[in-house]
file entry.cif (mmCIF, C-alpha atoms and all ligand atoms)
data_protein
#
loop_
_atom_site.group_PDB
_atom_site.id
_atom_site.type_symbol
_atom_site.label_atom_id
_atom_site.label_comp_id
_atom_site.auth_asym_id
_atom_site.auth_seq_id
_atom_site.Cartn_x
_atom_site.Cartn_y
_atom_site.Cartn_z
ATOM 1 C CA MET G 1 -64.812 -20.297 -32.142
ATOM 2 C CA ALA G 2 -67.467 -17.819 -33.001
ATOM 3 C CA ALA G 3 -67.533 -15.324 -35.831
ATOM 4 C CA GLN G 4 -69.778 -13.316 -33.564
ATOM 5 C CA THR G 5 -69.727 -13.446 -29.820
ATOM 6 C CA GLU G 6 -71.733 -12.411 -26.810
ATOM 7 C CA ILE G 7 -68.557 -11.085 -25.154
ATOM 8 C CA ALA G 8 -69.155 -7.362 -25.385
ATOM 9 C CA TRP G 9 -65.530 -6.207 -25.570
ATOM 10 C CA THR G 10 -64.544 -8.192 -28.643
ATOM 11 C CA ASP G 11 -65.830 -9.085 -32.122
ATOM 12 C CA SER G 12 -65.036 -12.805 -32.376
ATOM 13 C CA THR G 13 -63.541 -15.644 -30.367
ATOM 14 C CA PHE G 14 -60.973 -18.269 -31.303
ATOM 15 C CA ASN G 15 -59.607 -21.167 -29.267
ATOM 16 C CA PRO G 16 -56.240 -22.682 -30.174
ATOM 17 C CA TRP G 17 -57.246 -25.738 -28.097
ATOM 18 C CA TRP G 18 -60.070 -26.690 -25.769
ATOM 19 C CA GLY G 19 -59.663 -27.431 -22.068
ATOM 20 C CA CYS G 20 -58.063 -26.008 -18.952
ATOM 21 C CA GLN G 21 -57.495 -26.574 -15.219
ATOM 22 C CA LYS G 22 -58.589 -24.209 -12.491
ATOM 23 C CA VAL G 23 -55.923 -21.940 -11.036
ATOM 24 C CA GLY G 24 -57.636 -19.901 -8.338
ATOM 25 C CA GLN G 25 -60.690 -18.246 -6.892
ATOM 26 C CA CYS G 26 -61.430 -16.542 -10.186
ATOM 27 C CA CYS G 27 -62.018 -19.969 -11.753
ATOM 28 C CA ASP G 28 -64.515 -21.243 -9.187
ATOM 29 C CA ASN G 29 -67.485 -20.761 -11.482
ATOM 30 C CA CYS G 30 -65.666 -21.120 -14.798
ATOM 31 C CA TYR G 31 -68.266 -20.790 -17.565
ATOM 32 C CA ALA G 32 -65.992 -22.682 -19.971
ATOM 33 C CA ALA G 33 -65.837 -25.734 -17.685
ATOM 34 C CA ALA G 34 -69.604 -25.633 -17.314
ATOM 35 C CA LEU G 35 -70.089 -25.411 -21.064
ATOM 36 C CA ASP G 36 -67.613 -28.241 -21.616
ATOM 37 C CA ASN G 37 -69.440 -30.345 -19.082
ATOM 38 C CA ARG G 38 -72.808 -29.641 -20.684
ATOM 39 C CA THR G 39 -71.493 -30.677 -24.069
ATOM 40 C CA GLY G 40 -69.917 -33.863 -22.703
ATOM 41 C CA GLY G 41 -66.302 -32.865 -23.257
ATOM 42 C CA ASN G 42 -64.790 -33.325 -19.795
ATOM 43 C CA PHE G 43 -61.642 -31.530 -20.938
ATOM 44 C CA PHE G 44 -61.636 -29.422 -17.775
ATOM 45 C CA GLN G 45 -61.428 -32.351 -15.402
ATOM 46 C CA GLN G 46 -58.357 -32.881 -13.258
ATOM 47 C CA GLY G 47 -55.628 -34.637 -15.193
ATOM 48 C CA LYS G 48 -57.367 -34.352 -18.569
ATOM 49 C CA GLN G 49 -55.348 -33.021 -21.504
ATOM 50 C CA PRO G 50 -56.933 -30.300 -23.659
ATOM 51 C CA LYS G 51 -58.126 -31.335 -27.088
ATOM 52 C CA THR G 52 -56.832 -30.006 -30.386
ATOM 53 C CA LEU G 53 -59.170 -28.481 -32.950
ATOM 54 C CA SER G 54 -59.617 -29.241 -36.626
ATOM 55 C CA ASP G 55 -57.713 -27.734 -39.542
ATOM 56 C CA SER G 56 -60.950 -26.265 -40.890
ATOM 57 C CA TYR G 57 -61.499 -24.487 -37.563
ATOM 58 C CA TRP G 58 -58.040 -22.949 -37.851
ATOM 59 C CA GLN G 59 -58.955 -21.569 -41.276
ATOM 60 C CA GLN G 60 -61.631 -19.218 -39.959
ATOM 61 C CA PRO G 61 -59.295 -16.427 -38.758
ATOM 62 C CA LEU G 62 -57.719 -16.400 -42.227
ATOM 63 C CA ARG G 63 -61.175 -15.679 -43.644
ATOM 64 C CA TRP G 64 -61.655 -12.897 -41.084
ATOM 65 C CA GLN G 65 -58.312 -11.488 -42.155
ATOM 66 C CA ARG G 66 -59.432 -11.382 -45.799
ATOM 67 C CA GLN G 67 -62.726 -9.744 -44.823
ATOM 68 C CA ALA G 68 -61.016 -7.193 -42.604
ATOM 69 C CA LYS G 69 -58.484 -6.361 -45.301
ATOM 70 C CA LYS G 70 -61.266 -5.826 -47.814
ATOM 71 C CA SER G 71 -63.234 -3.572 -45.478
ATOM 72 C CA GLY G 72 -60.164 -1.795 -44.116
ATOM 73 C CA LYS G 73 -61.502 -2.334 -40.599
ATOM 74 C CA HIS G 74 -59.644 -4.281 -37.928
ATOM 75 C CA ARG G 75 -61.491 -7.056 -36.124
ATOM 76 C CA LYS G 76 -60.871 -7.841 -32.445
ATOM 77 C CA VAL G 77 -60.444 -11.544 -31.666
ATOM 78 C CA PHE G 78 -60.517 -12.820 -28.115
ATOM 79 C CA CYS G 79 -58.222 -15.824 -28.011
ATOM 80 C CA GLY G 80 -59.102 -18.453 -25.467
ATOM 81 C CA SER G 81 -62.653 -18.406 -24.206
ATOM 82 C CA MET G 82 -62.270 -22.190 -23.661
ATOM 83 C CA CYS G 83 -58.618 -22.360 -22.644
ATOM 84 C CA ASP G 84 -55.727 -20.282 -21.347
ATOM 85 C CA TRP G 85 -53.086 -19.485 -23.974
ATOM 86 C CA THR G 86 -50.210 -19.728 -21.439
ATOM 87 C CA ASP G 87 -51.284 -23.112 -20.097
ATOM 88 C CA LYS G 88 -48.198 -25.337 -19.679
ATOM 89 C CA ASP G 89 -50.374 -28.293 -20.669
ATOM 90 C CA ALA G 90 -51.205 -26.841 -24.092
ATOM 91 C CA PRO G 91 -51.196 -29.567 -26.759
ATOM 92 C CA ALA G 92 -47.816 -29.910 -28.462
ATOM 93 C CA ASP G 93 -47.061 -27.300 -31.145
ATOM 94 C CA GLN G 94 -50.447 -25.581 -30.887
ATOM 95 C CA ARG G 95 -49.070 -22.405 -29.302
ATOM 96 C CA ASP G 96 -46.459 -22.100 -32.061
ATOM 97 C CA ARG G 97 -49.252 -22.647 -34.561
ATOM 98 C CA LEU G 98 -51.190 -19.842 -32.913
ATOM 99 C CA TRP G 99 -48.256 -17.444 -33.213
ATOM 100 C CA GLN G 100 -47.906 -18.310 -36.885
ATOM 101 C CA LEU G 101 -51.608 -17.604 -37.379
ATOM 102 C CA ILE G 102 -51.280 -14.284 -35.572
ATOM 103 C CA ARG G 103 -48.386 -13.297 -37.835
ATOM 104 C CA GLU G 104 -50.522 -14.133 -40.887
ATOM 105 C CA THR G 105 -53.453 -12.002 -39.743
ATOM 106 C CA PRO G 106 -52.274 -8.408 -39.205
ATOM 107 C CA MET G 107 -55.813 -7.019 -39.600
ATOM 108 C CA LEU G 108 -56.974 -9.009 -36.567
ATOM 109 C CA ASP G 109 -56.298 -7.528 -33.156
ATOM 110 C CA TRP G 110 -55.673 -10.579 -31.003
ATOM 111 C CA GLN G 111 -56.696 -10.217 -27.363
ATOM 112 C CA LEU G 112 -54.705 -12.743 -25.320
ATOM 113 C CA LEU G 113 -55.941 -12.989 -21.763
ATOM 114 C CA THR G 114 -54.420 -15.204 -19.099
ATOM 115 C CA LYS G 115 -54.692 -16.086 -15.440
ATOM 116 C CA ARG G 116 -51.181 -17.589 -15.531
ATOM 117 C CA ALA G 117 -49.248 -14.344 -15.734
ATOM 118 C CA SER G 118 -45.979 -15.925 -14.590
ATOM 119 C CA ASN G 119 -46.027 -18.057 -17.778
ATOM 120 C CA ILE G 120 -46.389 -15.189 -20.264
ATOM 121 C CA CYS G 121 -42.702 -14.606 -21.036
ATOM 122 C CA LYS G 122 -42.044 -18.330 -21.523
ATOM 123 C CA CYS G 123 -44.861 -18.510 -24.062
ATOM 124 C CA LEU G 124 -43.925 -15.561 -26.267
ATOM 125 C CA PRO G 125 -42.326 -16.207 -29.667
ATOM 126 C CA ASN G 126 -38.630 -15.564 -30.256
ATOM 127 C CA ASP G 127 -39.312 -12.556 -32.507
ATOM 128 C CA TRP G 128 -41.654 -10.857 -30.018
ATOM 129 C CA GLY G 129 -39.359 -7.871 -29.461
ATOM 130 C CA ASN G 130 -41.438 -5.003 -28.068
ATOM 131 C CA GLY G 131 -44.619 -6.882 -28.927
ATOM 132 C CA TYR G 132 -46.527 -7.607 -32.113
ATOM 133 C CA ALA G 133 -48.603 -4.664 -33.336
ATOM 134 C CA ASN G 134 -51.729 -6.846 -33.488
ATOM 135 C CA VAL G 135 -51.536 -8.428 -30.026
ATOM 136 C CA TRP G 136 -53.043 -7.138 -26.826
ATOM 137 C CA LEU G 137 -51.815 -8.895 -23.687
ATOM 138 C CA GLY G 138 -54.119 -9.039 -20.699
ATOM 139 C CA VAL G 139 -54.519 -10.618 -17.287
ATOM 140 C CA THR G 140 -57.476 -11.326 -15.065
ATOM 141 C CA VAL G 141 -57.685 -9.282 -11.881
ATOM 142 C CA GLU G 142 -60.330 -10.593 -9.524
ATOM 143 C CA ASN G 143 -58.916 -9.539 -6.140
ATOM 144 C CA GLN G 144 -55.952 -7.845 -4.520
ATOM 145 C CA ARG G 145 -53.859 -10.849 -3.548
ATOM 146 C CA GLN G 146 -53.681 -12.709 -6.858
ATOM 147 C CA GLY G 147 -55.022 -10.155 -9.304
ATOM 148 C CA LEU G 148 -52.741 -7.267 -8.474
ATOM 149 C CA ARG G 149 -49.747 -9.597 -8.585
ATOM 150 C CA ARG G 150 -50.748 -10.588 -12.120
ATOM 151 C CA MET G 151 -51.058 -6.933 -13.087
ATOM 152 C CA ALA G 152 -47.532 -6.251 -11.812
ATOM 153 C CA MET G 153 -46.193 -9.167 -13.881
ATOM 154 C CA LEU G 154 -48.027 -7.975 -16.997
ATOM 155 C CA LYS G 155 -46.456 -4.554 -16.707
ATOM 156 C CA GLU G 156 -43.004 -6.142 -16.939
ATOM 157 C CA VAL G 157 -43.778 -7.707 -20.325
ATOM 158 C CA PRO G 158 -43.140 -5.658 -23.489
ATOM 159 C CA ALA G 159 -46.416 -5.259 -25.373
ATOM 160 C CA GLN G 160 -48.092 -2.757 -27.666
ATOM 161 C CA VAL G 161 -51.317 -2.966 -25.680
ATOM 162 C CA ARG G 162 -51.848 -4.253 -22.138
ATOM 163 C CA PHE G 163 -55.290 -4.733 -20.672
ATOM 164 C CA LEU G 164 -56.947 -5.880 -17.477
ATOM 165 C CA SER G 165 -60.039 -8.028 -17.330
ATOM 166 C CA ILE G 166 -61.324 -7.230 -13.858
ATOM 167 C CA GLU G 167 -63.896 -9.936 -13.896
ATOM 168 C CA PRO G 168 -65.261 -11.415 -11.817
ATOM 169 C CA LEU G 169 -64.582 -8.522 -9.477
ATOM 170 C CA LEU G 170 -64.656 -10.144 -6.030
ATOM 171 C CA GLU G 171 -63.551 -7.325 -3.738
ATOM 172 C CA ASP G 172 -62.527 -3.685 -3.655
ATOM 173 C CA LEU G 173 -59.108 -3.387 -5.349
ATOM 174 C CA GLY G 174 -57.931 -0.353 -3.363
ATOM 175 C CA ASN G 175 -55.389 1.957 -4.981
ATOM 176 C CA LEU G 176 -54.321 1.049 -8.493
ATOM 177 C CA ASP G 177 -51.238 2.175 -10.378
ATOM 178 C CA LEU G 178 -52.372 1.875 -13.988
ATOM 179 C CA ASP G 179 -49.160 3.127 -15.541
ATOM 180 C CA GLY G 180 -48.475 0.871 -18.564
ATOM 181 C CA ILE G 181 -52.064 -0.357 -18.743
ATOM 182 C CA HIS G 182 -54.041 0.696 -21.826
ATOM 183 C CA TRP G 183 -57.522 -0.666 -21.239
ATOM 184 C CA VAL G 184 -59.602 -1.857 -18.291
ATOM 185 C CA ILE G 185 -62.680 -4.076 -18.486
ATOM 186 C CA VAL G 186 -64.800 -4.549 -15.375
ATOM 187 C CA GLY G 187 -67.619 -6.944 -14.743
ATOM 188 C CA GLY G 188 -69.400 -8.963 -12.121
ATOM 189 C CA GLU G 189 -69.978 -12.662 -12.246
ATOM 190 C CA SER G 190 -73.032 -14.113 -13.957
ATOM 191 C CA GLY G 191 -74.796 -17.421 -13.641
ATOM 192 C CA GLY G 192 -76.635 -19.249 -10.905
ATOM 193 C CA LYS G 193 -73.722 -19.323 -8.429
ATOM 194 C CA ALA G 194 -72.560 -15.755 -9.121
ATOM 195 C CA ARG G 195 -70.709 -14.013 -6.288
ATOM 196 C CA SER G 196 -71.966 -10.527 -5.647
ATOM 197 C CA MET G 197 -70.160 -7.347 -6.623
ATOM 198 C CA GLN G 198 -70.608 -3.983 -4.928
ATOM 199 C CA PRO G 199 -71.171 -0.897 -7.090
ATOM 200 C CA GLU G 200 -68.637 1.047 -4.950
ATOM 201 C CA TRP G 201 -65.884 -1.362 -6.031
ATOM 202 C CA VAL G 202 -66.659 -0.535 -9.659
ATOM 203 C CA GLY G 203 -66.824 3.173 -8.868
ATOM 204 C CA ASN G 204 -63.396 3.053 -7.264
ATOM 205 C CA ILE G 205 -61.844 1.512 -10.417
ATOM 206 C CA HIS G 206 -63.751 3.856 -12.702
ATOM 207 C CA SER G 207 -62.595 6.981 -10.916
ATOM 208 C CA GLN G 208 -58.960 5.792 -10.966
ATOM 209 C CA CYS G 209 -59.220 5.026 -14.706
ATOM 210 C CA GLU G 210 -60.554 8.533 -15.267
ATOM 211 C CA SER G 211 -57.869 10.225 -13.229
ATOM 212 C CA GLN G 212 -55.112 8.111 -14.861
ATOM 213 C CA LYS G 213 -56.663 8.480 -18.332
ATOM 214 C CA VAL G 214 -57.122 4.779 -18.986
ATOM 215 C CA PRO G 215 -60.147 3.703 -21.068
ATOM 216 C CA PHE G 216 -62.698 1.913 -18.927
ATOM 217 C CA PHE G 217 -65.211 -0.587 -20.270
ATOM 218 C CA PHE G 218 -67.986 -1.734 -18.004
ATOM 219 C CA LYS G 219 -69.311 -5.110 -19.057
ATOM 220 C CA GLN G 220 -72.017 -6.050 -16.617
ATOM 221 C CA LEU G 221 -73.116 -5.767 -13.059
ATOM 222 C CA GLY G 222 -73.298 -9.559 -12.835
ATOM 223 C CA GLY G 223 -74.260 -11.349 -9.591
ATOM 224 C CA LEU G 224 -75.587 -9.759 -11.576
ATOM 225 C CA GLY G 225 -70.361 -12.927 -15.716
ATOM 226 C CA CYS G 226 -67.720 -14.281 -17.092
HETATM 227 S S1 LIG G 301 -58.140 -20.218 -16.379
HETATM 228 FE FE1 LIG G 301 -60.058 -19.549 -17.409
HETATM 229 S S2 LIG G 301 -60.673 -21.291 -18.707
HETATM 230 FE FE2 LIG G 301 -59.148 -22.065 -17.217
HETATM 231 S S3 LIG G 301 -60.406 -22.857 -15.528
HETATM 232 FE FE3 LIG G 301 -59.861 -20.717 -15.032
HETATM 233 S S4 LIG G 301 -61.591 -19.503 -15.760
HETATM 234 FE FE4 LIG G 301 -61.726 -21.509 -16.732
#
call {"tool": "encode", "arguments": {"input": "entry.cif", "output": "structure tokens", "more": "lines below"}}
Ligand code: SF4
result
Amino acid sequence: MAAQTEIAWTDSTFNPWWGCQKVGQCCDNCYAAALDNRTGGNFFQQGKQPKTLSDSYWQQPLRWQRQAKKSGKHRKVFCGSMCDWTDKDAPADQRDRLWQLIRETPMLDWQLLTKRASNICKCLPNDWGNGYANVWLGVTVENQRQGLRRMAMLKEVPAQVRFLSIEPLLEDLGNLDLDGIHWVIVGGESGGKARSMQPEWVGNIHSQCESQKVPFFFKQLGGLGC
């Protein structure tokens, strides 16, 4: 967790657990697995269960809530820079604990991003209804075959805010129907093994966001990140 983060489209990060398994091309150069490896965790290795985090760690968002309430300014929290919140291998009870925390922190806008879009509905709380006011649901869209399928699944889920993290962008996405999507983030891959991204691919998404009136946030050229 970080009270401040280098991820440009959020204010803070929080991880309900630590560890994940790769699910596709978008994960090939997973920065979280690399970081875990560097710090000797090995919680991203095949067959490894994610680790739970301490009670004191779980207190931090409650402090952010108090600060945000005092200032009257919402704080965006990206949930899961080191995990995927819809992972079926999430440690027991930790997802329910996350939902409880989200309910207790209405001044925090929780950004829940996943690459396991088919799991979203199974992981929502019973009182989800049309979506919590302080939760943004998002999926990763890296290519047409897997990414656009995730977008279609996201659109079927009731939510107050839906967003796309088009990162790493690995190919031109063609025509996009952004109906039901409220925010689009685009970025290339960073790091030593970064796959290249063409500026025209970004331009194509940008022009469709403009014409469909969807806010567009460009993160980085990458190859020029995760
Ligand atoms: S889903 Fe995310 S955290 Fe998990 S391996 Fe893929 S890129 Fe890494």
call {"tool": "closest_residue", "arguments": {"input": "entry.cif", "among": "G:Lys51, G:Arg116, G:His74, G:Lys88", "to": "ligand LIG 301 (chain G)", "atoms": "all atoms listed in the file"}}
result
G:Arg116
call {"tool": "residues_around", "arguments": {"input": "entry.cif", "residues": "G:Phe43", "least_positions_apart": "2", "cutoff": "10 Å", "atoms": "all atoms listed in the file", "output": "list in words"}}
result
Trp18, Gly19, Cys20, Gln21, Ala32, Ala33, Asp36, Asn37, Gly40, Gly41, Gln45, Gln46, Gly47, Lys48, Gln49, Pro50, Lys51, Met82 and Cys83 of chain G
call {"tool": "axis_aligned_box", "arguments": {"input": "entry.cif", "around": "ligand LIG 301 (chain G)", "padding_each_side": "6 Å", "output": "JSON"}}
result
{"center_x": -59.9, "center_y": -21.2, "center_z": -16.9, "size_x": 15.6, "size_y": 15.4, "size_z": 15.7}
call {"tool": "closest_residue", "arguments": {"input": "entry.cif", "among": "G:Asn175, G:Thr13, G:Asn143, G:Gln111", "to": "G:Cys209", "atoms": "all atoms listed in the file"}}
result
G:Asn175
call {"tool": "resolve_selection", "arguments": {"input": "entry.cif", "expression": "the PyMOL selection byres (((not hetatm)) within 9 of (chain G and resi 301))", "output": "PyMOL selection string"}}
result
chain G and resi 18-34+44+80-84+87+113-116+140+226
call {"tool": "atom_distance", "arguments": {"input": "entry.cif", "atom1": "atom CA of G:Ser71", "atom2": "atom CA of G:Pro215"}}
result
25.7 Å
call {"tool": "atom_distance", "arguments": {"input": "entry.cif", "atom1": "atom CA of G:Val161", "atom2": "atom CA of G:Tyr132"}}
result
9.3 Å
call {"tool": "closest_residue", "arguments": {"input": "entry.cif", "among": "G:Ala152, G:Asp179, G:Pro158, G:Asp109", "to": "G:Asp127", "atoms": "only C-alpha atoms"}}
result
G:Pro158
call {"tool": "atom_distance", "arguments": {"input": "entry.cif", "atom1": "atom CA of G:Lys73", "atom2": "atom CA of G:Met107"}}
result
7.4 Å
call {"tool": "decode", "arguments": {"input": "entry.cif", "residues": "stretch 178-211 of chain G", "atoms": "N, CA and C atoms", "output": "PDB file, in the first residue's frame"}}
result
ATOM      1  N   LEU G 178     -18.074   2.556 -26.902  1.00  0.00           N
ATOM      2  CA  LEU G 178     -17.783   2.924 -25.517  1.00  0.00           C
ATOM      3  C   LEU G 178     -19.040   3.250 -24.713  1.00  0.00           C
ATOM      4  N   ASP G 179     -20.174   2.885 -25.241  1.00  0.00           N
ATOM      5  CA  ASP G 179     -21.422   3.115 -24.509  1.00  0.00           C
ATOM      6  C   ASP G 179     -21.332   2.380 -23.158  1.00  0.00           C
ATOM      7  N   GLY G 180     -21.595   3.094 -22.059  1.00  0.00           N
ATOM      8  CA  GLY G 180     -21.528   2.459 -20.733  1.00  0.00           C
ATOM      9  C   GLY G 180     -20.158   2.535 -20.096  1.00  0.00           C
ATOM     10  N   ILE G 181     -19.199   3.087 -20.812  1.00  0.00           N
ATOM     11  CA  ILE G 181     -17.843   3.250 -20.267  1.00  0.00           C
ATOM     12  C   ILE G 181     -17.659   4.722 -19.906  1.00  0.00           C
ATOM     13  N   HIS G 182     -17.114   4.986 -18.720  1.00  0.00           N
ATOM     14  CA  HIS G 182     -17.047   6.366 -18.222  1.00  0.00           C
ATOM     15  C   HIS G 182     -15.646   6.952 -18.228  1.00  0.00           C
ATOM     16  N   TRP G 183     -14.651   6.142 -18.433  1.00  0.00           N
ATOM     17  CA  TRP G 183     -13.276   6.656 -18.354  1.00  0.00           C
ATOM     18  C   TRP G 183     -12.357   5.665 -19.055  1.00  0.00           C
ATOM     19  N   VAL G 184     -11.397   6.203 -19.804  1.00  0.00           N
ATOM     20  CA  VAL G 184     -10.443   5.356 -20.526  1.00  0.00           C
ATOM     21  C   VAL G 184      -9.025   5.824 -20.216  1.00  0.00           C
ATOM     22  N   ILE G 185      -8.195   4.885 -19.800  1.00  0.00           N
ATOM     23  CA  ILE G 185      -6.780   5.164 -19.533  1.00  0.00           C
ATOM     24  C   ILE G 185      -5.975   4.396 -20.584  1.00  0.00           C
ATOM     25  N   VAL G 186      -5.022   5.047 -21.186  1.00  0.00           N
ATOM     26  CA  VAL G 186      -4.198   4.356 -22.193  1.00  0.00           C
ATOM     27  C   VAL G 186      -2.723   4.508 -21.846  1.00  0.00           C
ATOM     28  N   GLY G 187      -1.988   3.444 -22.055  1.00  0.00           N
ATOM     29  CA  GLY G 187      -0.556   3.534 -21.820  1.00  0.00           C
ATOM     30  C   GLY G 187       0.197   2.397 -22.492  1.00  0.00           C
ATOM     31  N   GLY G 188       1.445   2.662 -22.767  1.00  0.00           N
ATOM     32  CA  GLY G 188       2.322   1.615 -23.289  1.00  0.00           C
ATOM     33  C   GLY G 188       3.021   0.922 -22.136  1.00  0.00           C
ATOM     34  N   GLU G 189       3.745  -0.110 -22.481  1.00  0.00           N
ATOM     35  CA  GLU G 189       4.428  -0.885 -21.458  1.00  0.00           C
ATOM     36  C   GLU G 189       5.762  -0.229 -21.128  1.00  0.00           C
ATOM     37  N   SER G 190       6.180  -0.339 -19.877  1.00  0.00           N
ATOM     38  CA  SER G 190       7.491   0.190 -19.503  1.00  0.00           C
ATOM     39  C   SER G 190       8.397  -0.978 -19.091  1.00  0.00           C
ATOM     40  N   GLY G 191       9.628  -0.626 -18.797  1.00  0.00           N
ATOM     41  CA  GLY G 191      10.548  -1.668 -18.336  1.00  0.00           C
ATOM     42  C   GLY G 191      11.410  -2.196 -19.456  1.00  0.00           C
ATOM     43  N   GLY G 192      12.396  -2.971 -19.065  1.00  0.00           N
ATOM     44  CA  GLY G 192      13.412  -3.468 -20.000  1.00  0.00           C
ATOM     45  C   GLY G 192      12.861  -4.322 -21.130  1.00  0.00           C
ATOM     46  N   LYS G 193      11.796  -5.091 -20.871  1.00  0.00           N
ATOM     47  CA  LYS G 193      11.262  -5.989 -21.908  1.00  0.00           C
ATOM     48  C   LYS G 193      10.003  -5.414 -22.547  1.00  0.00           C
ATOM     49  N   ALA G 194       9.820  -4.101 -22.451  1.00  0.00           N
ATOM     50  CA  ALA G 194       8.565  -3.485 -22.916  1.00  0.00           C
ATOM     51  C   ALA G 194       8.306  -3.768 -24.391  1.00  0.00           C
ATOM     52  N   ARG G 195       7.051  -4.106 -24.692  1.00  0.00           N
ATOM     53  CA  ARG G 195       6.620  -4.297 -26.085  1.00  0.00           C
ATOM     54  C   ARG G 195       6.206  -2.937 -26.629  1.00  0.00           C
ATOM     55  N   SER G 196       6.499  -2.716 -27.898  1.00  0.00           N
ATOM     56  CA  SER G 196       6.313  -1.355 -28.407  1.00  0.00           C
ATOM     57  C   SER G 196       4.846  -1.065 -28.716  1.00  0.00           C
ATOM     58  N   MET G 197       4.534   0.219 -28.641  1.00  0.00           N
ATOM     59  CA  MET G 197       3.170   0.688 -28.931  1.00  0.00           C
ATOM     60  C   MET G 197       3.273   1.741 -30.022  1.00  0.00           C
ATOM     61  N   GLN G 198       2.343   1.716 -30.966  1.00  0.00           N
ATOM     62  CA  GLN G 198       2.370   2.686 -32.055  1.00  0.00           C
ATOM     63  C   GLN G 198       1.493   3.890 -31.715  1.00  0.00           C
ATOM     64  N   PRO G 199       1.980   5.090 -31.981  1.00  0.00           N
ATOM     65  CA  PRO G 199       1.175   6.284 -31.679  1.00  0.00           C
ATOM     66  C   PRO G 199      -0.183   6.270 -32.376  1.00  0.00           C
ATOM     67  N   GLU G 200      -0.279   5.672 -33.579  1.00  0.00           N
ATOM     68  CA  GLU G 200      -1.574   5.628 -34.285  1.00  0.00           C
ATOM     69  C   GLU G 200      -2.619   4.843 -33.487  1.00  0.00           C
ATOM     70  N   TRP G 201      -2.182   3.807 -32.773  1.00  0.00           N
ATOM     71  CA  TRP G 201      -3.133   3.022 -31.977  1.00  0.00           C
ATOM     72  C   TRP G 201      -3.750   3.902 -30.892  1.00  0.00           C
ATOM     73  N   VAL G 202      -2.903   4.754 -30.310  1.00  0.00           N
ATOM     74  CA  VAL G 202      -3.389   5.663 -29.256  1.00  0.00           C
ATOM     75  C   VAL G 202      -4.334   6.687 -29.880  1.00  0.00           C
ATOM     76  N   GLY G 203      -3.921   7.209 -31.040  1.00  0.00           N
ATOM     77  CA  GLY G 203      -4.734   8.206 -31.731  1.00  0.00           C
ATOM     78  C   GLY G 203      -6.110   7.669 -32.063  1.00  0.00           C
ATOM     79  N   ASN G 204      -6.170   6.422 -32.473  1.00  0.00           N
ATOM     80  CA  ASN G 204      -7.461   5.811 -32.813  1.00  0.00           C
ATOM     81  C   ASN G 204      -8.384   5.777 -31.584  1.00  0.00           C
ATOM     82  N   ILE G 205      -7.843   5.413 -30.429  1.00  0.00           N
ATOM     83  CA  ILE G 205      -8.667   5.362 -29.199  1.00  0.00           C
ATOM     84  C   ILE G 205      -9.063   6.781 -28.794  1.00  0.00           C
ATOM     85  N   HIS G 206      -8.095   7.687 -28.881  1.00  0.00           N
ATOM     86  CA  HIS G 206      -8.367   9.066 -28.464  1.00  0.00           C
ATOM     87  C   HIS G 206      -9.496   9.671 -29.280  1.00  0.00           C
ATOM     88  N   SER G 207      -9.435   9.485 -30.593  1.00  0.00           N
ATOM     89  CA  SER G 207     -10.469  10.105 -31.430  1.00  0.00           C
ATOM     90  C   SER G 207     -11.834   9.477 -31.150  1.00  0.00           C
ATOM     91  N   GLN G 208     -11.883   8.186 -30.849  1.00  0.00           N
ATOM     92  CA  GLN G 208     -13.176   7.554 -30.539  1.00  0.00           C
ATOM     93  C   GLN G 208     -13.700   8.012 -29.168  1.00  0.00           C
ATOM     94  N   CYS G 209     -12.782   8.250 -28.226  1.00  0.00           N
ATOM     95  CA  CYS G 209     -13.211   8.795 -26.919  1.00  0.00           C
ATOM     96  C   CYS G 209     -13.795  10.187 -27.136  1.00  0.00           C
ATOM     97  N   GLU G 210     -13.144  10.975 -27.957  1.00  0.00           N
ATOM     98  CA  GLU G 210     -13.651  12.338 -28.205  1.00  0.00           C
ATOM     99  C   GLU G 210     -15.029  12.295 -28.834  1.00  0.00           C
ATOM    100  N   SER G 211     -15.162  11.477 -29.880  1.00  0.00           N
ATOM    101  CA  SER G 211     -16.439  11.467 -30.591  1.00  0.00           C
ATOM    102  C   SER G 211     -17.550  10.858 -29.736  1.00  0.00           C
TER     103      SER G 211
END
